[in-house]
Amino acid sequence: DLLAQYSKGIIGLSACLQGDINETLLADQYAEARRMAHSYEDLLGKGNFFLEVQDHGMAEQHALTRKLLKLGPEVGLPFVATNDLHYTKAEDAQAHAVLLCVQSGSNLADPKRFKFDADDFYLKSPEEMRHLWRELPQACDATLEIAERCNVTFTEGANLMPRFPVPE
């Protein structure tokens with residue numbers, strides 16, 4: 001209901017593995033995933049909802065991508081290539097692993113610690129993304145098209161943190 005109320009002008013993506021369409025596909029509920037995809041497109045408007053594809057080398061993502069590649073043409077939705085981003089540079093993967101240990105109260109030697117299944121959750125270059133999605137170039141093109149449709153302005157260097165009044 002909230003999304004319907006504020007959907008005007010919003011561009012939506014189907015999200016990562018935990019997105020509702022993606023979880024539904026991975027649970028082999030294809031008809032329900034189709035219904036959901038149509039629902040999001042109806043809600044956001046034609047051309048405003050994209051099926052998001054990611055590849056961090058994870059088997060689960062590869063399985064999902066195969067299902068998305070079937071779903072997309074059937075429901076008439078375009079693909080957009082994205083990359084889950086948790087740190088800026090590839091060499092920051094180890095520091096990120098340490099940070100996750102600090103946050104979860106564990107250590108790197110703990111095999112049951114919370115960790116990511118891959119080490120490439122960094123800001124990939126356009127060339128890396130184009131190579132990764134070389135067999136689906138329109139997904140990279142869509143990333144640029146979405147960026148061009150967005151109208152965001154801000155002053156560089158300005159303090160953009162929100163102000164919350166707090167008691168003395």
# chains A, B, ... in the order shown; residues from 1 in each chain; ligands from 1
>>> select_by_dssp(residues="stretch 6-80 of chain A", states="strand (DSSP E)", output="PDB file with C-alpha atoms, in the first residue's frame")
ATOM      1  CA  GLY A  12      12.214  -0.251  -9.076  1.00  0.00           C
ATOM      2  CA  LEU A  13      14.595  -3.205  -9.246  1.00  0.00           C
ATOM      3  CA  PHE A  49      10.571  -1.949 -13.146  1.00  0.00           C
ATOM      4  CA  PHE A  50      13.657  -4.032 -13.940  1.00  0.00           C
ATOM      5  CA  LEU A  51      14.788  -7.560 -13.138  1.00  0.00           C
ATOM      6  CA  GLU A  52      18.115  -7.183 -11.368  1.00  0.00           C
ATOM      7  CA  VAL A  53      20.972  -9.551 -12.182  1.00  0.00           C
ATOM      8  CA  PHE A  79      17.263  -6.694 -17.054  1.00  0.00           C
ATOM      9  CA  VAL A  80      19.617  -4.393 -15.180  1.00  0.00           C
TER      10      VAL A  80
END
>>> residues_around(residues="A:Pro137", least_positions_apart="3", cutoff="12 Å", atoms="only C-alpha atoms", output="PyMOL selection string")
chain A and resi 53+78-81+126-127+129-134+140-144
>>> write_last_selection(atoms="N, CA, C and O atoms", output="PDB file, in the first residue's frame")
ATOM      1  N   VAL A  53      20.063  -8.415 -12.125  1.00  0.00           N
ATOM      2  CA  VAL A  53      20.972  -9.551 -12.182  1.00  0.00           C
ATOM      3  C   VAL A  53      22.297  -9.160 -11.534  1.00  0.00           C
ATOM      4  O   VAL A  53      22.797  -8.055 -11.727  1.00  0.00           O
ATOM      5  N   PRO A  78      12.737  -5.725 -18.649  1.00  0.00           N
ATOM      6  CA  PRO A  78      14.159  -5.635 -18.969  1.00  0.00           C
ATOM      7  C   PRO A  78      15.028  -6.031 -17.781  1.00  0.00           C
ATOM      8  O   PRO A  78      14.580  -6.018 -16.629  1.00  0.00           O
ATOM      9  N   PHE A  79      16.280  -6.364 -18.080  1.00  0.00           N
ATOM     10  CA  PHE A  79      17.263  -6.694 -17.054  1.00  0.00           C
ATOM     11  C   PHE A  79      18.125  -5.475 -16.766  1.00  0.00           C
ATOM     12  O   PHE A  79      18.338  -4.633 -17.636  1.00  0.00           O
ATOM     13  N   VAL A  80      18.644  -5.416 -15.539  1.00  0.00           N
ATOM     14  CA  VAL A  80      19.617  -4.393 -15.180  1.00  0.00           C
ATOM     15  C   VAL A  80      20.729  -5.088 -14.389  1.00  0.00           C
ATOM     16  O   VAL A  80      20.462  -5.866 -13.470  1.00  0.00           O
ATOM     17  N   ALA A  81      21.978  -4.811 -14.771  1.00  0.00           N
ATOM     18  CA  ALA A  81      23.125  -5.409 -14.092  1.00  0.00           C
ATOM     19  C   ALA A  81      23.534  -4.509 -12.933  1.00  0.00           C
ATOM     20  O   ALA A  81      23.728  -3.305 -13.104  1.00  0.00           O
ATOM     21  N   PRO A 126      33.189   0.054 -14.919  1.00  0.00           N
ATOM     22  CA  PRO A 126      32.308  -0.261 -16.054  1.00  0.00           C
ATOM     23  C   PRO A 126      32.873  -1.397 -16.916  1.00  0.00           C
ATOM     24  O   PRO A 126      32.116  -2.252 -17.378  1.00  0.00           O
ATOM     25  N   GLU A 127      34.189  -1.427 -17.078  1.00  0.00           N
ATOM     26  CA  GLU A 127      34.807  -2.476 -17.880  1.00  0.00           C
ATOM     27  C   GLU A 127      34.610  -3.854 -17.234  1.00  0.00           C
ATOM     28  O   GLU A 127      34.321  -4.835 -17.921  1.00  0.00           O
ATOM     29  N   MET A 129      32.170  -4.724 -15.209  1.00  0.00           N
ATOM     30  CA  MET A 129      30.757  -5.088 -15.321  1.00  0.00           C
ATOM     31  C   MET A 129      30.421  -5.518 -16.751  1.00  0.00           C
ATOM     32  O   MET A 129      29.700  -6.501 -16.954  1.00  0.00           O
ATOM     33  N   ARG A 130      30.947  -4.815 -17.731  1.00  0.00           N
ATOM     34  CA  ARG A 130      30.692  -5.181 -19.135  1.00  0.00           C
ATOM     35  C   ARG A 130      31.272  -6.566 -19.436  1.00  0.00           C
ATOM     36  O   ARG A 130      30.656  -7.346 -20.162  1.00  0.00           O
ATOM     37  N   HIS A 131      32.434  -6.864 -18.863  1.00  0.00           N
ATOM     38  CA  HIS A 131      33.021  -8.191 -19.074  1.00  0.00           C
ATOM     39  C   HIS A 131      32.174  -9.269 -18.389  1.00  0.00           C
ATOM     40  O   HIS A 131      31.898 -10.317 -18.976  1.00  0.00           O
ATOM     41  N   LEU A 132      31.777  -8.990 -17.164  1.00  0.00           N
ATOM     42  CA  LEU A 132      30.983  -9.944 -16.397  1.00  0.00           C
ATOM     43  C   LEU A 132      29.663 -10.263 -17.098  1.00  0.00           C
ATOM     44  O   LEU A 132      29.213 -11.407 -17.112  1.00  0.00           O
ATOM     45  N   TRP A 133      29.049  -9.247 -17.702  1.00  0.00           N
ATOM     46  CA  TRP A 133      27.750  -9.405 -18.357  1.00  0.00           C
ATOM     47  C   TRP A 133      27.862  -9.302 -19.873  1.00  0.00           C
ATOM     48  O   TRP A 133      26.939  -8.863 -20.551  1.00  0.00           O
ATOM     49  N   ARG A 134      28.985  -9.776 -20.421  1.00  0.00           N
ATOM     50  CA  ARG A 134      29.228  -9.680 -21.863  1.00  0.00           C
ATOM     51  C   ARG A 134      28.159 -10.404 -22.693  1.00  0.00           C
ATOM     52  O   ARG A 134      27.912 -10.039 -23.833  1.00  0.00           O
ATOM     53  N   CYS A 140      23.752  -4.000 -18.787  1.00  0.00           N
ATOM     54  CA  CYS A 140      24.654  -2.883 -18.449  1.00  0.00           C
ATOM     55  C   CYS A 140      24.126  -1.581 -19.046  1.00  0.00           C
ATOM     56  O   CYS A 140      24.206  -0.524 -18.414  1.00  0.00           O
ATOM     57  N   ASP A 141      23.599  -1.661 -20.256  1.00  0.00           N
ATOM     58  CA  ASP A 141      23.007  -0.469 -20.875  1.00  0.00           C
ATOM     59  C   ASP A 141      21.882   0.086 -20.002  1.00  0.00           C
ATOM     60  O   ASP A 141      21.752   1.302 -19.835  1.00  0.00           O
ATOM     61  N   ALA A 142      21.085  -0.801 -19.432  1.00  0.00           N
ATOM     62  CA  ALA A 142      19.963  -0.374 -18.587  1.00  0.00           C
ATOM     63  C   ALA A 142      20.462   0.359 -17.345  1.00  0.00           C
ATOM     64  O   ALA A 142      19.811   1.301 -16.880  1.00  0.00           O
ATOM     65  N   THR A 143      21.605  -0.063 -16.809  1.00  0.00           N
ATOM     66  CA  THR A 143      22.174   0.624 -15.645  1.00  0.00           C
ATOM     67  C   THR A 143      22.401   2.095 -15.978  1.00  0.00           C
ATOM     68  O   THR A 143      22.053   2.986 -15.194  1.00  0.00           O
ATOM     69  N   LEU A 144      22.971   2.351 -17.142  1.00  0.00           N
ATOM     70  CA  LEU A 144      23.223   3.735 -17.569  1.00  0.00           C
ATOM     71  C   LEU A 144      21.921   4.476 -17.851  1.00  0.00           C
ATOM     72  O   LEU A 144      21.784   5.652 -17.497  1.00  0.00           O
TER      73      LEU A 144
END
>>> closest_residue(among="A:Ile11, A:Leu3, A:Leu64, A:Leu69", to="A:Gly47", atoms="only C-alpha atoms")
A:Ile11
>>> residues_around(residues="stretch 102-117 of chain A", least_positions_apart="5", cutoff="9 Å", atoms="only C-alpha atoms", output="list in words")
His56, Gly57, Met58 and Ala97 of chain A
>>> select_by_dssp(residues="chain A", states="helix (DSSP H, G or I)", output="ChimeraX atom specification")
/A:2-5,20-26,30-44,59-75,90-104,126-132,137-149
>>> residues_around(residues="stretch 83-93 of chain A", least_positions_apart="4", cutoff="9 Å", atoms="only C-alpha atoms", output="list of chain:residue names")
A:Cys16, A:Val53, A:Gln54, A:Asp55, A:His56, A:Ala97, A:Val98, A:Ala118, A:Asp119, A:Asp120, A:Phe121, A:Tyr122, A:Leu123, A:Lys124, A:Met129
>>> closest_residue(among="A:Leu43, A:Thr65, A:Ile21, A:Asn48", to="A:Glu145", atoms="only C-alpha atoms")
A:Asn48
>>> atom_distance(atom1="atom CA of A:His38", atom2="atom CA of A:Ser14")
11.6 Å
>>> atom_distance(atom1="atom CA of A:Gly9", atom2="atom CA of A:Gln138")
22.3 Å
>>> closest_residue(among="A:Val75, A:Arg163, A:Gln61, A:Ala95", to="A:Leu17", atoms="only C-alpha atoms")
A:Gln61
>>> closest_residue(among="A:Glu60, A:Phe154, A:Asn22, A:Leu44", to="A:Ala4", atoms="only C-alpha atoms")
A:Leu44
>>> closest_residue(among="A:Leu25, A:Leu68, A:Ala59, A:Ile10", to="A:Glu41", atoms="only C-alpha atoms")
A:Ile10
>>> atom_distance(atom1="atom CA of A:Gln5", atom2="atom CA of A:Tyr30")
27.4 Å
>>> closest_residue(among="A:Ala63, A:Val166, A:Leu77, A:Cys101", to="A:Asp28", atoms="only C-alpha atoms")
A:Ala63
